[in-house]
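Enquirer: To be precise about what I am sending: the file is called query_39.cif and holds mmCIF, C-alpha atoms.
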data_start
loop_
_atom_site.group_PDB
_atom_site.id
_atom_site.type_symbol
_atom_site.label_atom_id
_atom_site.label_comp_id
_atom_site.auth_asym_id
_atom_site.auth_seq_id
_atom_site.Cartn_x
_atom_site.Cartn_y
_atom_site.Cartn_z
ATOM 1 C CA VAL A 14 249.967 112.823 74.504
ATOM 2 C CA MET A 15 253.788 112.973 74.484
ATOM 3 C CA ASP A 16 255.591 111.167 77.318
ATOM 4 C CA PRO A 17 256.869 113.749 79.892
ATOM 5 C CA LEU A 18 260.370 112.255 79.897
ATOM 6 C CA LEU A 19 260.551 112.358 76.077
ATOM 7 C CA LEU A 20 259.345 115.959 76.112
ATOM 8 C CA LEU A 21 262.085 116.862 78.582
ATOM 9 C CA CYS A 22 264.690 115.308 76.247
ATOM 10 C CA PHE A 23 263.480 117.451 73.319
ATOM 11 C CA VAL A 24 263.696 120.542 75.470
ATOM 12 C CA ALA A 25 267.159 119.653 76.771
ATOM 13 C CA LEU A 26 268.785 118.783 73.413
ATOM 14 C CA PRO A 27 269.294 122.403 72.271
ATOM 15 C CA VAL A 28 270.848 123.199 75.634
ATOM 16 C CA LEU A 29 273.283 120.290 75.428
ATOM 17 C CA GLY A 30 274.315 121.326 71.905
ATOM 18 C CA SER A 31 275.038 124.915 72.862
ATOM 19 C CA SER A 32 278.560 125.602 74.150
ATOM 20 C CA ALA A 33 277.815 129.233 74.909
ATOM 21 C CA ALA A 34 275.172 128.590 77.541
ATOM 22 C CA PRO A 35 276.205 130.525 80.647
ATOM 23 C CA ARG A 36 276.599 128.632 83.880
ATOM 24 C CA ALA A 37 274.387 129.577 86.757
ATOM 25 C CA PRO A 38 274.695 128.595 90.402
ATOM 26 C CA PRO A 39 272.215 125.958 91.612
ATOM 27 C CA ARG A 40 268.932 127.537 92.656
ATOM 28 C CA ALA A 41 268.004 125.244 95.507
ATOM 29 C CA SER A 42 269.459 125.866 98.999
ATOM 30 C CA ARG A 43 272.462 127.851 97.657
ATOM 31 C CA THR A 44 271.390 131.465 98.042
ATOM 32 C CA GLN A 45 273.907 134.221 98.570
ATOM 33 C CA ALA A 46 274.864 135.053 102.127
ATOM 34 C CA GLY A 47 272.482 137.556 103.652
ATOM 35 C CA SER A 48 269.858 137.273 100.907
ATOM 36 C CA PRO A 49 266.335 136.495 102.163
ATOM 37 C CA PRO A 50 264.802 133.151 101.135
ATOM 38 C CA ILE A 51 262.343 133.221 98.261
ATOM 39 C CA SER A 52 258.808 132.523 99.399
ATOM 40 C CA ARG A 53 256.630 129.931 97.668
ATOM 41 C CA SER A 54 254.262 132.619 96.394
ATOM 42 C CA ALA A 55 257.166 134.652 94.970
ATOM 43 C CA ALA A 56 258.535 131.537 93.268
ATOM 44 C CA ARG A 57 255.187 130.986 91.567
ATOM 45 C CA GLY A 58 255.307 134.548 90.182
ATOM 46 C CA LYS A 59 258.613 133.910 88.421
ATOM 47 C CA GLY A 60 256.927 131.620 85.904
ATOM 48 C CA LEU A 61 258.605 128.679 84.130
ATOM 49 C CA ILE A 62 262.254 127.710 84.497
ATOM 50 C CA ASP A 63 264.591 129.349 81.948
ATOM 51 C CA PHE A 64 266.241 126.289 80.398
ATOM 52 C CA ARG A 65 268.760 128.516 78.555
ATOM 53 C CA ARG A 66 270.481 129.310 81.866
ATOM 54 C CA LEU A 67 270.998 125.659 82.829
ATOM 55 C CA SER A 68 274.407 124.039 82.415
ATOM 56 C CA ARG A 69 274.949 120.676 80.747
ATOM 57 C CA ARG A 70 275.565 119.061 84.149
ATOM 58 C CA GLN A 71 272.286 120.420 85.522
ATOM 59 C CA VAL A 72 270.307 119.190 82.515
ATOM 60 C CA ALA A 73 271.927 115.734 82.635
ATOM 61 C CA GLY A 74 271.317 115.522 86.350
ATOM 62 C CA GLY A 75 267.672 116.448 85.846
ATOM 63 C CA LEU A 76 267.228 113.762 83.215
ATOM 64 C CA ALA A 77 268.778 111.132 85.495
ATOM 65 C CA ALA A 78 266.615 112.209 88.422
ATOM 66 C CA GLY A 79 263.513 112.059 86.240
ATOM 67 C CA MET A 80 264.299 108.519 85.113
ATOM 68 C CA MET A 81 264.939 107.382 88.690
ATOM 69 C CA SER A 82 261.633 108.872 89.857
ATOM 70 C CA ILE A 83 259.516 106.785 87.480
ATOM 71 C CA PRO A 84 257.562 104.382 89.731
ATOM 72 C CA LEU A 85 258.094 100.706 89.015
ATOM 73 C CA SER A 86 255.080 99.555 90.971
ATOM 74 C CA GLY A 87 252.025 101.075 92.588
ATOM 75 C CA ALA A 88 252.518 99.184 95.868
ATOM 76 C CA ARG A 89 255.356 98.251 98.150
ATOM 77 C CA ALA A 90 257.145 94.940 97.689
ATOM 78 C CA GLY A 91 255.122 92.080 99.118
ATOM 79 C CA GLN A 92 251.923 94.134 99.352
ATOM 80 C CA THR A 93 249.035 94.450 96.971
ATOM 81 C CA GLU A 94 247.225 97.694 96.358
ATOM 82 C CA GLN A 95 244.252 96.301 98.243
ATOM 83 C CA ASP A 96 246.378 95.478 101.313
ATOM 84 C CA VAL A 97 247.750 99.014 101.453
ATOM 85 C CA GLN A 98 244.274 100.512 101.033
ATOM 86 C CA TRP A 99 242.484 98.629 103.826
ATOM 87 C CA ARG A 100 245.328 98.512 106.338
ATOM 88 C CA SER A 101 245.885 102.265 106.082
ATOM 89 C CA LEU A 102 242.320 103.265 106.986
ATOM 90 C CA SER A 103 241.982 105.363 110.132
ATOM 91 C CA ASP A 104 239.565 104.612 112.969
ATOM 92 C CA ALA A 105 237.367 107.477 111.796
ATOM 93 C CA GLU A 106 237.180 105.981 108.296
ATOM 94 C CA TRP A 107 236.340 102.539 109.693
ATOM 95 C CA ARG A 108 233.521 104.019 111.797
ATOM 96 C CA LYS A 109 231.999 105.511 108.640
ATOM 97 C CA ARG A 110 232.130 102.194 106.809
ATOM 98 C CA LEU A 111 230.910 99.872 109.573
ATOM 99 C CA THR A 112 227.879 99.604 111.814
ATOM 100 C CA PRO A 113 228.511 99.993 115.568
ATOM 101 C CA GLU A 114 228.293 96.205 116.017
ATOM 102 C CA GLN A 115 230.716 95.552 113.174
ATOM 103 C CA TYR A 116 233.189 98.150 114.412
ATOM 104 C CA TYR A 117 233.095 96.747 117.952
ATOM 105 C CA ILE A 118 233.996 93.270 116.724
ATOM 106 C CA LEU A 119 236.276 93.899 113.745
ATOM 107 C CA ARG A 120 238.268 96.869 115.066
ATOM 108 C CA GLU A 121 237.950 96.576 118.866
ATOM 109 C CA ARG A 122 238.169 92.762 119.058
ATOM 110 C CA GLY A 123 234.812 92.496 120.784
ATOM 111 C CA THR A 124 232.477 89.510 121.056
ATOM 112 C CA GLU A 125 228.802 89.538 120.172
ATOM 113 C CA ARG A 126 226.144 88.055 122.432
ATOM 114 C CA PRO A 127 225.453 84.386 121.626
ATOM 115 C CA PHE A 128 222.471 83.739 119.323
ATOM 116 C CA SER A 129 222.349 87.466 118.411
ATOM 117 C CA SER A 130 223.619 87.201 114.812
ATOM 118 C CA PRO A 131 221.159 86.395 111.998
ATOM 119 C CA LEU A 132 223.921 84.379 110.347
ATOM 120 C CA TYR A 133 223.939 81.874 113.197
ATOM 121 C CA LYS A 134 221.008 80.010 111.619
ATOM 122 C CA GLU A 135 222.021 80.691 107.996
ATOM 123 C CA LYS A 136 221.737 77.367 106.142
ATOM 124 C CA ARG A 137 221.770 78.420 102.484
ATOM 125 C CA LYS A 138 224.648 77.604 100.161
ATOM 126 C CA GLY A 139 227.014 80.473 99.571
ATOM 127 C CA THR A 140 230.101 82.296 100.813
ATOM 128 C CA PHE A 141 230.781 84.308 103.957
ATOM 129 C CA TYR A 142 232.809 87.480 103.374
ATOM 130 C CA CYS A 143 234.536 89.927 105.697
ATOM 131 C CA ALA A 144 232.056 92.664 106.629
ATOM 132 C CA GLY A 145 234.920 95.148 106.601
ATOM 133 C CA CYS A 146 236.713 94.639 103.292
ATOM 134 C CA GLY A 147 234.803 91.931 101.416
ATOM 135 C CA THR A 148 237.461 89.200 101.509
ATOM 136 C CA ALA A 149 236.078 85.657 101.148
ATOM 137 C CA LEU A 150 236.508 83.880 104.501
ATOM 138 C CA PHE A 151 234.295 80.797 104.794
ATOM 139 C CA SER A 152 232.263 78.504 102.582
ATOM 140 C CA SER A 153 228.813 77.357 103.632
ATOM 141 C CA ASN A 154 229.725 73.714 103.081
ATOM 142 C CA LYS A 155 232.160 73.954 106.024
ATOM 143 C CA LYS A 156 229.540 75.385 108.411
ATOM 144 C CA PHE A 157 227.945 73.252 111.130
ATOM 145 C CA ASP A 158 225.587 73.748 114.049
ATOM 146 C CA SER A 159 227.673 73.784 117.220
ATOM 147 C CA GLY A 160 224.861 74.927 119.503
ATOM 148 C CA THR A 161 227.170 77.554 121.010
ATOM 149 C CA GLY A 162 225.292 80.587 119.700
ATOM 150 C CA TRP A 163 228.000 81.686 117.244
ATOM 151 C CA PRO A 164 228.395 80.686 113.557
ATOM 152 C CA SER A 165 230.792 77.748 113.495
ATOM 153 C CA PHE A 166 232.931 76.248 110.736
ATOM 154 C CA TYR A 167 235.392 73.374 110.665
ATOM 155 C CA ASP A 168 237.644 74.903 107.988
ATOM 156 C CA ALA A 169 238.384 78.307 106.475
ATOM 157 C CA LEU A 170 239.295 79.889 103.145
ATOM 158 C CA PRO A 171 242.769 81.424 102.571
ATOM 159 C CA GLY A 172 241.438 84.852 103.575
ATOM 160 C CA VAL A 173 241.482 83.843 107.262
ATOM 161 C CA SER A 174 244.705 84.252 109.222
ATOM 162 C CA VAL A 175 245.488 82.658 112.591
ATOM 163 C CA LYS A 176 247.405 84.876 114.980
ATOM 164 C CA SER A 177 250.131 83.358 117.127
ATOM 165 C CA ALA A 178 248.600 81.859 120.242
ATOM 166 C CA GLY A 179 249.886 81.465 123.756
ATOM 167 C CA LEU A 180 250.332 78.304 125.764
ATOM 168 C CA ALA A 181 246.699 78.367 126.937
ATOM 169 C CA ALA A 182 245.485 78.111 123.339
ATOM 170 C CA LEU A 183 247.942 75.352 122.502
ATOM 171 C CA VAL A 184 246.618 73.127 125.290
ATOM 172 C CA GLY A 185 242.996 73.914 124.469
ATOM 173 C CA LEU A 186 242.193 76.244 127.393
ATOM 174 C CA SER A 187 241.502 79.176 125.056
ATOM 175 C CA GLY A 188 241.137 79.814 121.356
ATOM 176 C CA GLU A 189 243.525 81.143 118.732
ATOM 177 C CA GLU A 190 242.508 84.560 117.490
ATOM 178 C CA LEU A 191 241.344 84.709 113.880
ATOM 179 C CA VAL A 192 241.682 87.833 111.737
ATOM 180 C CA CYS A 193 240.995 88.799 108.147
ATOM 181 C CA LYS A 194 244.245 88.495 106.230
ATOM 182 C CA ASN A 195 243.410 91.540 104.117
ATOM 183 C CA CYS A 196 242.228 94.180 106.621
ATOM 184 C CA ASN A 197 243.374 92.567 109.903
ATOM 185 C CA GLY A 198 239.850 92.724 111.307
ATOM 186 C CA HIS A 199 239.037 90.479 114.277
ATOM 187 C CA LEU A 200 236.751 87.564 113.380
ATOM 188 C CA GLY A 201 236.628 85.220 116.349
ATOM 189 C CA ASP A 202 238.619 82.257 117.666
ATOM 190 C CA ARG A 203 239.673 78.777 116.603
ATOM 191 C CA PHE A 204 239.447 75.881 119.029
ATOM 192 C CA ASN A 205 240.796 72.339 118.767
ATOM 193 C CA ASP A 206 237.659 70.813 120.314
ATOM 194 C CA GLY A 207 236.056 69.900 116.998
ATOM 195 C CA VAL A 208 236.162 66.239 117.981
ATOM 196 C CA LEU A 209 233.142 66.922 120.182
ATOM 197 C CA TRP A 210 231.141 67.474 116.980
ATOM 198 C CA SER A 211 233.114 64.931 114.921
ATOM 199 C CA THR A 212 234.337 67.612 112.513
ATOM 200 C CA PRO A 213 236.624 66.342 109.733
ATOM 201 C CA THR A 214 239.460 68.644 110.826
ATOM 202 C CA GLY A 215 239.033 68.343 114.582
ATOM 203 C CA LEU A 216 238.754 72.147 114.673
ATOM 204 C CA ARG A 217 235.997 74.646 115.443
ATOM 205 C CA TYR A 218 236.139 78.142 114.005
ATOM 206 C CA CYS A 219 233.926 80.141 116.366
ATOM 207 C CA ILE A 220 233.072 83.335 114.473
ATOM 208 C CA ASP A 221 231.214 86.511 115.362
ATOM 209 C CA GLY A 222 228.381 86.766 112.867
ATOM 210 C CA TYR A 223 228.515 90.567 112.684
ATOM 211 C CA ALA A 224 232.058 90.298 111.335
ATOM 212 C CA LEU A 225 230.664 88.458 108.283
ATOM 213 C CA ARG A 226 228.594 89.258 105.225
ATOM 214 C CA PHE A 227 226.823 86.363 103.491
ATOM 215 C CA GLU A 228 226.169 86.055 99.780
ATOM 216 C CA PRO A 229 223.968 83.116 98.731
ATOM 217 C CA GLU A 230 224.885 80.942 95.820
ATOM 218 C CA SER A 231 223.034 81.655 92.594
ATOM 219 C CA SER A 232 221.418 79.035 90.396
ATOM 220 C CA SER A 233 224.585 79.028 88.264
ATOM 221 C CA GLY A 234 226.622 77.895 91.256
ATOM 222 C CA SER A 235 228.373 81.181 92.095
ATOM 223 C CA ALA A 236 227.817 83.750 94.826
ATOM 224 C CA VAL A 237 225.530 86.642 93.921
#
Would you mind writing the file out in structure tokens?
Expert:
Amino acid sequence: VMDPLLLLCFVALPVLGSSAAPRAPPRASRTQAGSPPISRSAARGKGLIDFRRLSRRQVAGGLAAGMMSIPLSGARAGQTEQDVQWRSLSDAEWRKRLTPEQYYILRERGTERPFSSPLYKEKRKGTFYCAGCGTALFSSNKKFDSGTGWPSFYDALPGVSVKSAGLAALVGLSGEELVCKNCNGHLGDRFNDGVLWSTPTGLRYCIDGYALRFEPESSSGSAV
């Protein structure tokens, strides 16, 4: 299939080489005074553009505009295609993708009842993913039993982001909110009371189990 820009060049070359091509006033937004605007349906009925009536300046300008309109990237600077996809979902789309419990936690920043998540007692080796977008969040080898009723970890994978916390969180009176870095879904809170369980980091990631999806490790050593 011929490139559209190359095809436009082949069409425009005979026009550029012809010195007898009549000039025509620009078609867009320059109608004669008192003439009614052309409707979209009427414009469709006129068929293809007559390239023989275009001036050299119009053809050159069209070529330049076509070159400038070629996209250089499918996503905005600093964003991946996946970031744009998940962060642009509407509430209605999230409700279709998630269970009521997942939506309440991930999108409404709710908190599940303690000991209510099946993942609280999950002891198999594997990886915990975001229930909303599938981003890897926690590894099973960083999970420990805190006795609090919520899945607890002492460290996180790069997919977890810590939101800025207030003074109460800094002095240990409340936790720092944790969200999925990819879809911005609420996960739980991080506390600096890990010393009570002698965690290596001194931290406790208190996570709502319904915000997670667990995939056990296969015999080959990777998540299935």
Enquirer: Just to confirm, what's the straight-line distance from CA of Asn154 (chain A) to CA of Val173 (chain A) in Å (one decimal)?
Expert: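 Distance between the two atoms: 16.1 Å.
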Enquirer: By how many Å are CA of Glu189 (chain A) and CA of Lys176 (chain A) apart?
Expert: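 Answer for the CA of Glu189 (chain A) to CA of Lys176 (chain A) separation: 6.6 Å.
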Enquirer: Report as CSV the residues of region 144-184 of chain A within 12 Å of region 98-104 of chain A, each with its shortest atom pair and distance in Å (one decimal), using all atoms listed in the file, ordered by chain and increasing residue number.
Expert:
residue,atom,partner,partner_atom,distance
A:Gly145,CA,A:Trp99,CA,8.8
A:Cys146,CA,A:Trp99,CA,7.0
A:Gly147,CA,A:Trp99,CA,10.5
A:Thr148,CA,A:Trp99,CA,10.9
Enquirer: How many Å lie between CA of Leu150 (chain A) and CA of Glu135 (chain A), rounded to one decimal?
Expert: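 Spanning CA of Leu150 (chain A) to CA of Glu135 (chain A) is a straight-line distance of 15.2 Å.
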Enquirer: Measuring atom to atom with all atoms listed in the file, identify which of A:Phe151, A:Phe157, A:Trp107, A:Trp210 is nearest to Cys196 (chain A).
Expert: A:Trp107
Enquirer: So that all listed atoms of region 157-170 of chain A fit with 8 Å spare on each side, what axis-aligned box centre and edge lengths in Å, to one decimal, would you give as AutoDock Vina command-line options?
Expert:
--center_x 232.1 --center_y 77.5 --center_z 112.1 --size_x 30.4 --size_y 24.4 --size_z 33.9
Enquirer: For Asp158 (chain A), list every protein, DNA or RNA residue within 9 Å, evaluated using only C-alpha atoms, and leave out those in the same chain fewer than 3 positions away; present the list as a ChimeraX atom specification.
Expert: /A:133-134,161-166,210
Enquirer: Go through the shown structure with the PyMOL selection byres ((chain A and resi 118) around 9) and write out the matching residues as a PyMOL selection string.
Expert: chain A and resi 113-117+119-125+198-201+221+223-224
Enquirer: From the list A:Pro229, A:Gly222, A:Gly172, A:Gly215, which residue is nearest Asn197 (chain A) when using all atoms listed in the file?
Expert: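 With all atoms listed in the file as the atom set, the closest residue is A:Gly172.
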Enquirer: Identify which of the residues A:Ser159, A:Ser187, A:Thr140, A:Asn205 lies closest to Ser231 (chain A), counting all atoms listed in the file when measuring atom-to-atom distances.
Expert: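 Looking at the shortest contact to Ser231 (chain A), the residue is A:Thr140.
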Enquirer: Write out as a list of chain:residue names which residues come within 9 Å of Ser152 (chain A) when counting all atoms listed in the file, dropping same-chain ones fewer than 6 positions away.
Expert: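 Those residues are A:Lys138, A:Gly139, A:Thr140, A:Phe141, A:Phe166, A:Asp168, A:Ala169, A:Leu170.
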Enquirer: Measuring between only C-alpha atoms, which one of A:Asp206, A:Cys219, A:Glu190, A:Lys109 shows the shortest distance to Pro127 (chain A)?
Expert: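 Of A:Asp206, A:Cys219, A:Glu190, A:Lys109, the one nearest Pro127 (chain A) is A:Cys219, counting only C-alpha atoms.
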Enquirer: Return the single residue from A:Lys136, A:Cys143, A:Ser130, A:Ile220 that is closest to Tyr167 (chain A), with distances computed using all atoms listed in the file.
Expert: A:Ile220
Enquirer: Because some atoms of region 195-206 of chain A are absent here, can you restore all heavy atoms and send them as a JSON list (two decimals), keeping the file's coordinate frame?
Expert:
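Result written to part-v2.json:
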[["chain", "number", "residue", "atom", "x", "y", "z"],
["A", 195, "ASN", "N", 243.32, 90.34, 104.93],
["A", 195, "ASN", "CA", 243.41, 91.54, 104.12],
["A", 195, "ASN", "C", 243.36, 92.83, 104.94],
["A", 195, "ASN", "O", 244.19, 93.71, 104.76],
["A", 195, "ASN", "CB", 242.28, 91.55, 103.08],
["A", 195, "ASN", "CG", 242.45, 92.65, 102.07],
["A", 195, "ASN", "OD1", 243.55, 93.00, 101.69],
["A", 195, "ASN", "ND2", 241.34, 93.21, 101.62],
["A", 196, "CYS", "N", 242.40, 92.94, 105.85],
["A", 196, "CYS", "CA", 242.23, 94.18, 106.62],
["A", 196, "CYS", "C", 242.59, 94.04, 108.09],
["A", 196, "CYS", "O", 242.52, 95.01, 108.84],
["A", 196, "CYS", "CB", 240.81, 94.70, 106.49],
["A", 196, "CYS", "SG", 239.55, 93.69, 107.32],
["A", 197, "ASN", "N", 242.96, 92.83, 108.52],
["A", 197, "ASN", "CA", 243.37, 92.57, 109.90],
["A", 197, "ASN", "C", 242.22, 92.74, 110.89],
["A", 197, "ASN", "O", 242.44, 92.95, 112.09],
["A", 197, "ASN", "CB", 244.55, 93.47, 110.31],
["A", 197, "ASN", "CG", 245.35, 92.89, 111.45],
["A", 197, "ASN", "OD1", 245.59, 91.69, 111.51],
["A", 197, "ASN", "ND2", 245.78, 93.73, 112.37],
["A", 198, "GLY", "N", 241.00, 92.62, 110.43],
["A", 198, "GLY", "CA", 239.85, 92.72, 111.31],
["A", 198, "GLY", "C", 239.65, 91.46, 112.12],
["A", 198, "GLY", "O", 239.83, 90.34, 111.63],
["A", 199, "HIS", "N", 239.27, 91.62, 113.39],
["A", 199, "HIS", "CA", 239.04, 90.48, 114.28],
["A", 199, "HIS", "C", 237.78, 89.73, 113.85],
["A", 199, "HIS", "O", 236.74, 90.34, 113.57],
["A", 199, "HIS", "CB", 238.90, 90.97, 115.72],
["A", 199, "HIS", "CG", 238.51, 89.89, 116.69],
["A", 199, "HIS", "ND1", 239.42, 88.96, 117.17],
["A", 199, "HIS", "CD2", 237.32, 89.59, 117.26],
["A", 199, "HIS", "CE1", 238.81, 88.14, 118.00],
["A", 199, "HIS", "NE2", 237.53, 88.50, 118.07],
["A", 200, "LEU", "N", 237.87, 88.40, 113.82],
["A", 200, "LEU", "CA", 236.75, 87.56, 113.38],
["A", 200, "LEU", "C", 236.19, 86.69, 114.48],
["A", 200, "LEU", "O", 234.98, 86.48, 114.56],
["A", 200, "LEU", "CB", 237.18, 86.66, 112.21],
["A", 200, "LEU", "CG", 237.74, 87.37, 110.98],
["A", 200, "LEU", "CD1", 238.25, 86.34, 109.98],
["A", 200, "LEU", "CD2", 236.69, 88.26, 110.34],
["A", 201, "GLY", "N", 237.05, 86.16, 115.32],
["A", 201, "GLY", "CA", 236.63, 85.22, 116.35],
["A", 201, "GLY", "C", 237.81, 84.41, 116.82],
["A", 201, "GLY", "O", 238.94, 84.90, 116.86],
["A", 202, "ASP", "N", 237.55, 83.12, 117.14],
["A", 202, "ASP", "CA", 238.62, 82.26, 117.67],
["A", 202, "ASP", "C", 238.51, 80.86, 117.07],
["A", 202, "ASP", "O", 237.43, 80.42, 116.65],
["A", 202, "ASP", "CB", 238.53, 82.16, 119.20],
["A", 202, "ASP", "CG", 238.69, 83.52, 119.86],
["A", 202, "ASP", "OD1", 239.83, 83.95, 120.05],
["A", 202, "ASP", "OD2", 237.66, 84.14, 120.18],
["A", 203, "ARG", "N", 239.64, 80.16, 117.06],
["A", 203, "ARG", "CA", 239.67, 78.78, 116.60],
["A", 203, "ARG", "C", 240.02, 77.88, 117.77],
["A", 203, "ARG", "O", 241.00, 78.12, 118.49],
["A", 203, "ARG", "CB", 240.69, 78.60, 115.48],
["A", 203, "ARG", "CG", 240.67, 77.21, 114.86],
["A", 203, "ARG", "CD", 241.65, 77.08, 113.72],
["A", 203, "ARG", "NE", 243.04, 77.03, 114.19],
["A", 203, "ARG", "CZ", 244.08, 76.79, 113.39],
["A", 203, "ARG", "NH1", 243.88, 76.63, 112.08],
["A", 203, "ARG", "NH2", 245.30, 76.75, 113.86],
["A", 204, "PHE", "N", 239.23, 76.83, 117.94],
["A", 204, "PHE", "CA", 239.45, 75.88, 119.03],
["A", 204, "PHE", "C", 239.74, 74.50, 118.45],
["A", 204, "PHE", "O", 239.29, 74.16, 117.35],
["A", 204, "PHE", "CB", 238.21, 75.80, 119.93],
["A", 204, "PHE", "CG", 237.86, 77.11, 120.60],
["A", 204, "PHE", "CD1", 237.03, 78.03, 119.97],
["A", 204, "PHE", "CD2", 238.35, 77.41, 121.85],
["A", 204, "PHE", "CE1", 236.69, 79.23, 120.58],
["A", 204, "PHE", "CE2", 238.03, 78.61, 122.48],
["A", 204, "PHE", "CZ", 237.20, 79.52, 121.84],
["A", 205, "ASN", "N", 240.47, 73.71, 119.22],
["A", 205, "ASN", "CA", 240.80, 72.34, 118.77],
["A", 205, "ASN", "C", 239.87, 71.30, 119.40],
["A", 205, "ASN", "O", 240.26, 70.15, 119.58],
["A", 205, "ASN", "CB", 242.26, 72.00, 119.08],
["A", 205, "ASN", "CG", 242.57, 72.09, 120.57],
["A", 205, "ASN", "OD1", 241.68, 72.35, 121.39],
["A", 205, "ASN", "ND2", 243.82, 71.87, 120.93],
["A", 206, "ASP", "N", 238.63, 71.73, 119.71],
["A", 206, "ASP", "CA", 237.66, 70.81, 120.31],
["A", 206, "ASP", "C", 236.64, 70.30, 119.30],
["A", 206, "ASP", "O", 235.55, 69.86, 119.67],
["A", 206, "ASP", "CB", 236.94, 71.50, 121.48],
["A", 206, "ASP", "CG", 236.21, 72.78, 121.05],
["A", 206, "ASP", "OD1", 236.24, 73.10, 119.85],
["A", 206, "ASP", "OD2", 235.63, 73.46, 121.92]]
